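Here is the file work_4.cif (mmCIF, C-alpha atoms and all ligand atoms).
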```
data_query
loop_
_atom_site.label_atom_id
_atom_site.label_comp_id
_atom_site.auth_asym_id
_atom_site.auth_seq_id
_atom_site.Cartn_x
_atom_site.Cartn_y
_atom_site.Cartn_z
CA MET A 1 158.56 142.44 271.10
CA ARG A 2 161.89 142.95 272.84
CA LYS A 3 161.94 142.01 276.54
CA GLN A 4 160.77 144.80 278.85
CA ILE A 5 162.38 144.53 282.29
CA ALA A 6 161.93 146.08 285.71
CA ALA A 7 165.16 145.29 287.57
CA ALA A 8 165.75 146.06 291.25
CA ASN A 9 169.22 146.61 292.67
CA TRP A 10 169.12 146.47 296.45
CA LYS A 11 172.86 147.21 296.68
CA MET A 12 174.10 146.77 300.29
CA ASN A 13 170.72 147.47 301.90
CA LEU A 14 168.09 145.60 303.96
CA SER A 15 168.44 142.87 306.55
CA LEU A 16 167.46 139.33 305.52
CA LYS A 17 164.13 139.72 307.28
CA GLU A 18 163.42 143.06 305.59
CA GLY A 19 164.41 141.63 302.23
CA ILE A 20 162.15 138.61 302.60
CA THR A 21 159.19 140.77 303.63
CA LEU A 22 159.75 142.98 300.58
CA LEU A 23 160.10 140.05 298.17
CA GLU A 24 157.02 138.28 299.57
CA LYS A 25 155.00 141.44 299.06
CA LEU A 26 156.28 141.92 295.52
CA ALA A 27 155.86 138.27 294.52
CA GLY A 28 152.35 138.14 296.03
CA GLU A 29 150.92 140.79 293.74
CA ASP A 30 149.35 140.23 290.32
CA TYR A 31 150.88 142.57 287.75
CA GLY A 32 149.26 140.99 284.71
CA LEU A 33 152.76 140.61 283.25
CA LYS A 34 152.91 139.76 279.57
CA ALA A 35 155.21 137.01 278.32
CA TYR A 36 157.81 139.55 277.13
CA GLN A 37 157.91 141.38 280.49
CA GLU A 38 160.22 140.39 283.36
CA VAL A 39 161.07 141.38 286.89
CA ILE A 40 164.66 140.85 288.05
CA ILE A 41 165.69 141.46 291.65
CA ALA A 42 169.39 141.76 292.49
CA VAL A 43 169.87 140.92 296.15
CA PRO A 44 172.99 140.59 298.35
CA PHE A 45 174.86 137.25 298.03
CA PRO A 46 173.70 135.70 301.35
CA TYR A 47 170.04 136.20 300.39
CA LEU A 48 170.19 134.60 296.93
CA ILE A 49 168.95 131.08 297.62
CA GLN A 50 166.12 132.04 299.92
CA SER A 51 165.07 134.80 297.51
CA ARG A 52 164.97 132.33 294.62
CA GLU A 53 162.61 130.11 296.64
CA ILE A 54 160.27 133.02 297.38
CA VAL A 55 159.74 133.91 293.72
CA LYS A 56 159.66 130.36 292.34
CA ASP A 57 155.93 130.43 291.59
CA GLN A 58 156.22 133.69 289.61
CA PRO A 59 157.69 132.49 286.30
CA LEU A 60 158.51 136.03 285.14
CA PHE A 61 160.41 136.91 288.34
CA HIS A 62 164.16 136.24 288.46
CA ILE A 63 166.79 136.71 291.14
CA ALA A 64 170.14 138.24 290.25
CA ALA A 65 173.49 138.62 291.95
CA GLN A 66 175.07 142.08 292.00
CA ASN A 67 178.55 140.94 290.99
CA CYS A 68 180.71 137.92 290.23
CA HIS A 69 184.46 137.27 290.12
CA THR A 70 186.73 137.13 287.07
CA GLU A 71 187.89 133.58 287.83
CA ALA A 72 185.94 130.33 288.05
CA ALA A 73 187.43 129.10 291.33
CA GLY A 74 190.52 129.34 293.49
CA ALA A 75 192.23 131.24 296.28
CA TYR A 76 190.23 134.49 296.15
CA THR A 77 189.05 134.96 299.73
CA GLY A 78 185.69 136.66 299.98
CA GLU A 79 184.82 136.37 296.29
CA VAL A 80 181.96 134.56 294.52
CA SER A 81 182.26 133.05 291.03
CA ALA A 82 179.67 132.86 288.26
CA ALA A 83 179.88 129.07 288.56
CA MET A 84 178.86 129.30 292.23
CA LEU A 85 175.89 131.51 291.33
CA ALA A 86 174.80 129.04 288.66
CA SER A 87 175.14 126.19 291.14
CA CYS A 88 172.67 128.06 293.40
CA GLY A 89 170.14 128.24 290.55
CA ILE A 90 170.72 131.94 289.94
CA THR A 91 170.08 133.11 286.38
CA HIS A 92 171.22 136.77 286.19
CA VAL A 93 174.15 138.88 287.36
CA ILE A 94 174.83 142.63 287.27
CA ILE A 95 178.24 143.37 285.79
CA GLY A 96 180.05 146.71 285.76
CA HIS A 97 177.80 148.80 287.95
CA SER A 98 179.40 152.26 288.30
CA GLU A 99 179.83 151.67 292.06
CA ARG A 100 181.94 148.57 291.28
CA ARG A 101 183.92 150.52 288.69
CA MET A 102 184.46 153.43 291.10
CA TYR A 103 184.96 151.83 294.55
CA PHE A 104 186.47 148.49 293.49
CA SER A 105 188.52 149.69 290.51
CA GLU A 106 186.82 147.41 288.03
CA ASP A 107 188.08 148.27 284.57
CA ASP A 108 186.92 147.39 281.07
CA GLN A 109 189.15 144.29 280.81
CA MET A 110 187.95 142.89 284.13
CA LEU A 111 184.37 143.45 283.09
CA ALA A 112 185.01 141.67 279.79
CA ARG A 113 186.29 138.70 281.79
CA LYS A 114 183.33 138.76 284.20
CA THR A 115 180.96 138.85 281.24
CA ASP A 116 182.70 135.79 279.77
CA MET A 117 182.46 133.98 283.09
CA ALA A 118 178.75 134.72 283.39
CA LEU A 119 178.01 133.63 279.82
CA ALA A 120 180.04 130.44 280.24
CA GLU A 121 177.69 129.53 283.10
CA ASP A 122 174.61 130.49 281.10
CA LEU A 123 173.88 133.45 283.36
CA THR A 124 172.39 136.57 281.80
CA PRO A 125 174.74 139.50 282.38
CA ILE A 126 173.09 142.85 283.04
CA PHE A 127 175.98 144.95 281.79
CA CYS A 128 176.05 148.54 283.07
CA CYS A 129 177.56 151.55 281.33
CA GLY A 130 177.25 155.31 281.79
CA GLU A 131 179.18 158.54 281.98
CA SER A 132 180.13 160.88 284.84
CA LEU A 133 178.92 164.46 285.08
CA ASP A 134 182.15 165.92 283.69
CA ILE A 135 182.04 163.71 280.66
CA ARG A 136 178.47 164.83 280.00
CA GLU A 137 179.37 168.49 280.54
CA ARG A 138 182.13 168.10 277.95
CA GLY A 139 179.58 166.59 275.57
CA GLU A 140 181.60 163.37 275.28
CA GLN A 141 179.00 160.96 276.67
CA ASN A 142 178.22 159.17 273.41
CA SER A 143 181.79 158.23 272.56
CA TYR A 144 182.55 157.37 276.21
CA VAL A 145 179.65 154.93 276.55
CA ALA A 146 180.38 153.45 273.10
CA SER A 147 183.96 152.82 274.19
CA GLN A 148 182.86 151.11 277.44
CA ILE A 149 180.75 148.75 275.35
CA GLU A 150 183.45 148.17 272.72
CA LYS A 151 186.17 147.45 275.27
CA SER A 152 184.17 145.03 277.43
CA LEU A 153 181.79 143.41 274.97
CA PHE A 154 183.03 143.53 271.38
CA HIS A 155 184.98 140.28 271.71
CA LEU A 156 181.67 138.43 272.15
CA SER A 157 180.11 136.37 269.39
CA THR A 158 176.77 137.50 267.93
CA GLY A 159 175.02 134.69 269.79
CA GLN A 160 176.55 135.84 273.07
CA MET A 161 175.67 139.49 272.46
CA GLN A 162 172.05 138.45 271.92
CA LYS A 163 171.96 136.99 275.45
CA LEU A 164 172.92 140.26 277.16
CA VAL A 165 170.84 142.88 278.91
CA LEU A 166 172.41 146.36 278.95
CA ALA A 167 171.73 149.11 281.46
CA TYR A 168 172.57 152.73 280.75
CA GLU A 169 173.10 154.48 284.07
CA PRO A 170 174.48 158.02 283.93
CA ILE A 171 176.53 158.31 287.14
CA TRP A 172 175.23 161.83 287.82
CA ALA A 173 171.69 160.44 288.05
CA ILE A 174 172.37 157.52 290.42
CA GLY A 175 170.97 158.07 293.89
CA THR A 176 170.92 161.83 293.31
CA GLY A 177 167.26 162.34 292.56
CA LYS A 178 168.45 163.91 289.29
CA THR A 179 167.02 161.79 286.48
CA ALA A 180 168.07 162.03 282.87
CA THR A 181 165.14 163.37 280.89
CA ALA A 182 163.25 160.79 278.89
CA GLU A 183 164.73 162.46 275.77
CA GLN A 184 168.31 162.16 277.07
CA ALA A 185 167.70 158.48 277.87
CA GLN A 186 166.17 157.83 274.45
CA GLU A 187 169.05 159.57 272.67
CA MET A 188 171.68 157.52 274.49
CA HIS A 189 169.78 154.24 274.15
CA ASN A 190 169.42 154.85 270.44
CA GLY A 191 173.16 155.58 270.27
CA ILE A 192 173.95 152.34 272.14
CA ARG A 193 171.77 150.42 269.70
CA SER A 194 173.70 151.97 266.78
CA THR A 195 177.01 150.98 268.41
CA ILE A 196 175.76 147.38 268.67
CA SER A 197 174.34 147.48 265.16
CA GLU A 198 177.64 148.61 263.59
CA LYS A 199 179.40 145.56 264.99
CA TYR A 200 176.68 142.89 265.19
CA GLY A 201 174.02 144.06 262.72
CA GLU A 202 170.60 145.59 263.15
CA GLU A 203 168.80 142.36 264.01
CA THR A 204 170.99 141.82 267.09
CA ALA A 205 170.81 145.51 268.05
CA GLN A 206 167.02 145.29 268.02
CA MET A 207 167.04 142.19 270.23
CA VAL A 208 169.11 143.48 273.16
CA PRO A 209 167.04 145.07 275.96
CA ILE A 210 168.55 148.36 277.17
CA LEU A 211 167.40 149.47 280.63
CA TYR A 212 167.70 152.99 282.01
CA GLY A 213 168.95 153.49 285.57
CA GLY A 214 169.38 156.56 287.73
CA SER A 215 166.66 157.86 290.06
CA VAL A 216 163.81 155.95 288.40
CA LYS A 217 160.73 156.55 290.56
CA PRO A 218 157.02 155.76 290.24
CA ASN A 219 156.40 159.32 288.99
CA ASN A 220 158.89 159.23 286.11
CA ALA A 221 158.97 155.55 285.10
CA ASN A 222 156.05 155.78 282.69
CA GLU A 223 157.55 158.58 280.68
CA ILE A 224 161.06 157.08 280.57
CA PHE A 225 159.91 153.52 279.79
CA GLY A 226 157.57 154.94 277.14
CA LYS A 227 160.51 155.87 274.89
CA PRO A 228 161.01 153.43 272.01
CA ASP A 229 164.60 152.40 272.84
CA VAL A 230 164.13 152.25 276.63
CA ASP A 231 163.18 148.70 277.64
CA GLY A 232 162.59 149.24 281.35
CA GLY A 233 164.78 150.24 284.27
CA LEU A 234 167.45 149.27 286.77
CA VAL A 235 166.18 150.73 290.01
CA GLY A 236 168.09 151.33 293.23
CA GLY A 237 166.45 153.49 295.93
CA ALA A 238 162.86 153.04 294.76
CA SER A 239 163.26 149.25 294.64
CA LEU A 240 163.56 149.13 298.44
CA LYS A 241 159.89 150.03 298.90
CA ALA A 242 157.29 147.49 297.79
CA ASP A 243 154.70 150.02 296.68
CA ASP A 244 157.18 152.09 294.70
CA PHE A 245 158.74 149.14 292.92
CA ALA A 246 155.32 147.59 292.24
CA ALA A 247 154.27 150.86 290.58
CA ILE A 248 157.47 150.80 288.52
CA ILE A 249 156.77 147.21 287.40
CA LYS A 250 153.31 148.35 286.30
CA SER A 251 154.91 151.12 284.22
CA LEU A 252 156.53 148.60 281.83
CA LYS A 253 155.22 148.95 278.31
P1 LIG B 1 169.01 154.74 292.00
O1 LIG B 1 170.13 153.65 291.63
O2 LIG B 1 167.71 154.26 291.40
O3 LIG B 1 168.99 154.80 293.49
O4 LIG B 1 169.46 156.04 291.36
C1 LIG B 1 170.17 153.03 290.37
C2 LIG B 1 171.33 152.07 290.30
O5 LIG B 1 172.42 152.40 290.79
O6 LIG B 1 171.21 150.96 289.74
#
```
Could you rewrite the structure in this file as C-alpha cells?
Amino acid sequence: MRKQIAAANWKMNLSLKEGITLLEKLAGEDYGLKAYQEVIIAVPFPYLIQSREIVKDQPLFHIAAQNCHTEAAGAYTGEVSAAMLASCGITHVIIGHSERRMYFSEDDQMLARKTDMALAEDLTPIFCCGESLDIRERGEQNSYVASQIEKSLFHLSTGQMQKLVLAYEPIWAIGTGKTATAEQAQEMHNGIRSTISEKYGEETAQMVPILYGGSVKPNNANEIFGKPDVDGGLVGGASLKADDFAAIIKSLK
C-alpha cells in the first residue's frame, strides 16, 4: 500500500503557544494509524525544534518546514537551508507551494534546486504543483501541471523520484472554500501518475504519494481521499483547528 498522508500547513499562522497547544492535542489522540499512514505538520521555522519534541512519541507523526533555500550555506540573510533543517532533526520540507511561487517569485529552476538540496540532506520534499483559475478555464491544466513536474523534477534519478511526496493544489481552491470535486482531483492525480510513469516507469509512478490540497475540510476529506489516486491531503485552514484536523486524519484510507 502506498503511503497515505494527512499533512498540515500552518503557513504564517498561530503564536508559539497556540501552536504547541494544537500539537499537544493532536499528538495526544489515538488515531489507530496503520503503518502506511502518516501525519506531517508543517510549522513556521522558529517552532520546528519544539514541535519535533512534542510529537517524538508518535512514530507516524513528522514535522516539516514550509520552505528551504536553494543554497547550502552562505550570505543569504534571513534564509534557512535544507542542511540547517536536517541538523535540527527535521525530516520533511514543503517545496513550491503556490504562495511561494506567487509572492516570492519562485520559478521551476529554483524549485528544482531546492528539491536537490532537500534530497541531498535526506529530507522528504513535499513538492506542490497546481494551476490557476484561468489555466483551468482554458482547459490547459493537465499540460500545465505536467510541465511544472517536468521542469522541476525530471532531472532526478529514479531513486530520488521514489523519495518524493507530491501535492496537487489547484490555486483556485486554496483558502477559497471552493474545493475541486473528488472527480477533478482523481483525474488530475491520475494524469500526474501518467506523467511520472512515462519518464520513470509504472512501478515508480505507483510508489509516489500524491496529496490533494485546496479547501480540504472534515466534510469533504472522506470523499476526496477515497479516490484511488488521491493519497491524502495537504491542509491549510482546517489544520489550524485540532478537531477539524483530527477528523481529516481519521479520513485517511
Ligand atoms: P487551504 O490551504 O486548505 O486553506 O485551502 C491548502 C494549502 O495551501 O496547502
What does the distance between CA of Ile63 (chain A) and CA of Gly130 (chain A) come to in Å, to one decimal place? 23.3 Å
Please find the residues contacting ligand LIG 1 (chain B) at a distance of at most 7 Å between atoms, with all atoms listed in the file counted, and report them as a list in words.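 Based on all atoms listed in the file, ligand LIG 1 (chain B) is surrounded within 7 Å by Asn9, Glu169, Ala173, Ile174, Gly175, Thr176, Gly177, Gly213, Gly214, Ser215, Val216, Leu234, Val235, Gly236, Gly237 and Ala238 of chain A.
From CA of Leu252 (chain A) back to CA of Val39 (chain A), the distance works out to 9.9 Å.
Taking all atoms listed in the file, the non-local environment of Glu71 (chain A) within 12 Å (same-chain residues fewer than 3 positions away omitted) comprises Cys68, Gly74, Ala75, Tyr76, Glu79, Val80, Ser81, Ala82, Ala83, Met84, Met110, Leu111, Ala112, Arg113, Lys114, Thr115, Asp116, Met117, Ala118, Ala120 and Glu121 of chain A.
For Ile210 (chain A), the set of protein, DNA and RNA residues having any atom at most 10 Å away, when counting all atoms listed in the file and skipping those fewer than 3 positions along the same chain, is Arg2, Lys3, Gln4, Ile5, Ile126, Phe127, Cys128, Leu164, Val165, Leu166, Ala167, Tyr168, His189, Asn190, Ile192, Arg193, Ala205, Gln206, Met207, Gly213, Asp229, Val230, Asp231, Gly232, Gly233 and Leu234 of chain A.
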Calculated over only C-alpha atoms, which of the candidates A:Leu240, A:Ala182, A:Gln160, A:Leu133 has the smallest distance to Thr21 (chain A)?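 Smallest distance to Thr21 (chain A) is found for A:Leu240.
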Kindly indicate which residue among A:Leu60, A:Leu16, A:Val145, A:Ala27 lies nearest to Met188 (chain A), using only C-alpha atoms for the distances.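 Using only C-alpha atoms, Met188 (chain A) sits closest to A:Val145.
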Atom pair CA of Ala42 (chain A) + CA of Lys253 (chain A), distance 21.3 Å
Might I get the box with edges along x, y and z of the file that holds all atoms of region 107-126 of chain A listed there, padded by 5 Å on every side, given as centre and edge lengths in Å to one decimal, as AutoDock Vina command-line options?
```
--center_x 180.8 --center_y 138.9 --center_z 282.2 --size_x 26.8 --size_y 28.7 --size_z 14.8
```
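Of the listed residues A:Lys241, A:Tyr144, A:Tyr103, A:Ala247, the one whose atoms come nearest to Asn13 (chain A) is A:Lys241, with distances taken using all atoms listed in the file.
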Contact residues around region 91-100 of chain A with all atoms listed in the file at 6 Å, ignoring same-chain residues under 6 positions, as JSON, numbers by chain: {"A": [64, 65, 66, 67, 106, 123, 124, 125, 126, 127, 128]}
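Minimum atom-to-atom distance to Glu150 (chain A), evaluated using all atoms listed in the file, belongs to A:Lys199 out of A:Arg136, A:Lys34, A:Lys199, A:Lys178.
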Return as a Markdown table the residues of region 37-71 of chain A lying at most 12 Å from region 248-251 of chain A, together with the closest atom-to-atom pair for each and the distance in Å to one decimal, counting all atoms listed in the file, with rows in chain order and ascending residue number.
```
| residue | atom | partner | partner_atom | distance |
| --- | --- | --- | --- | --- |
| A:Gln37 | CA | A:Ile249 | CA | 9.1 |
| A:Glu38 | CA | A:Ile249 | CA | 8.6 |
| A:Val39 | CA | A:Ile249 | CA | 7.3 |
| A:Ile40 | CA | A:Ile249 | CA | 10.2 |
| A:Ile41 | CA | A:Ile249 | CA | 11.4 |
| A:Leu60 | CA | A:Ile249 | CA | 11.5 |
| A:Phe61 | CA | A:Ile249 | CA | 11.0 |
```
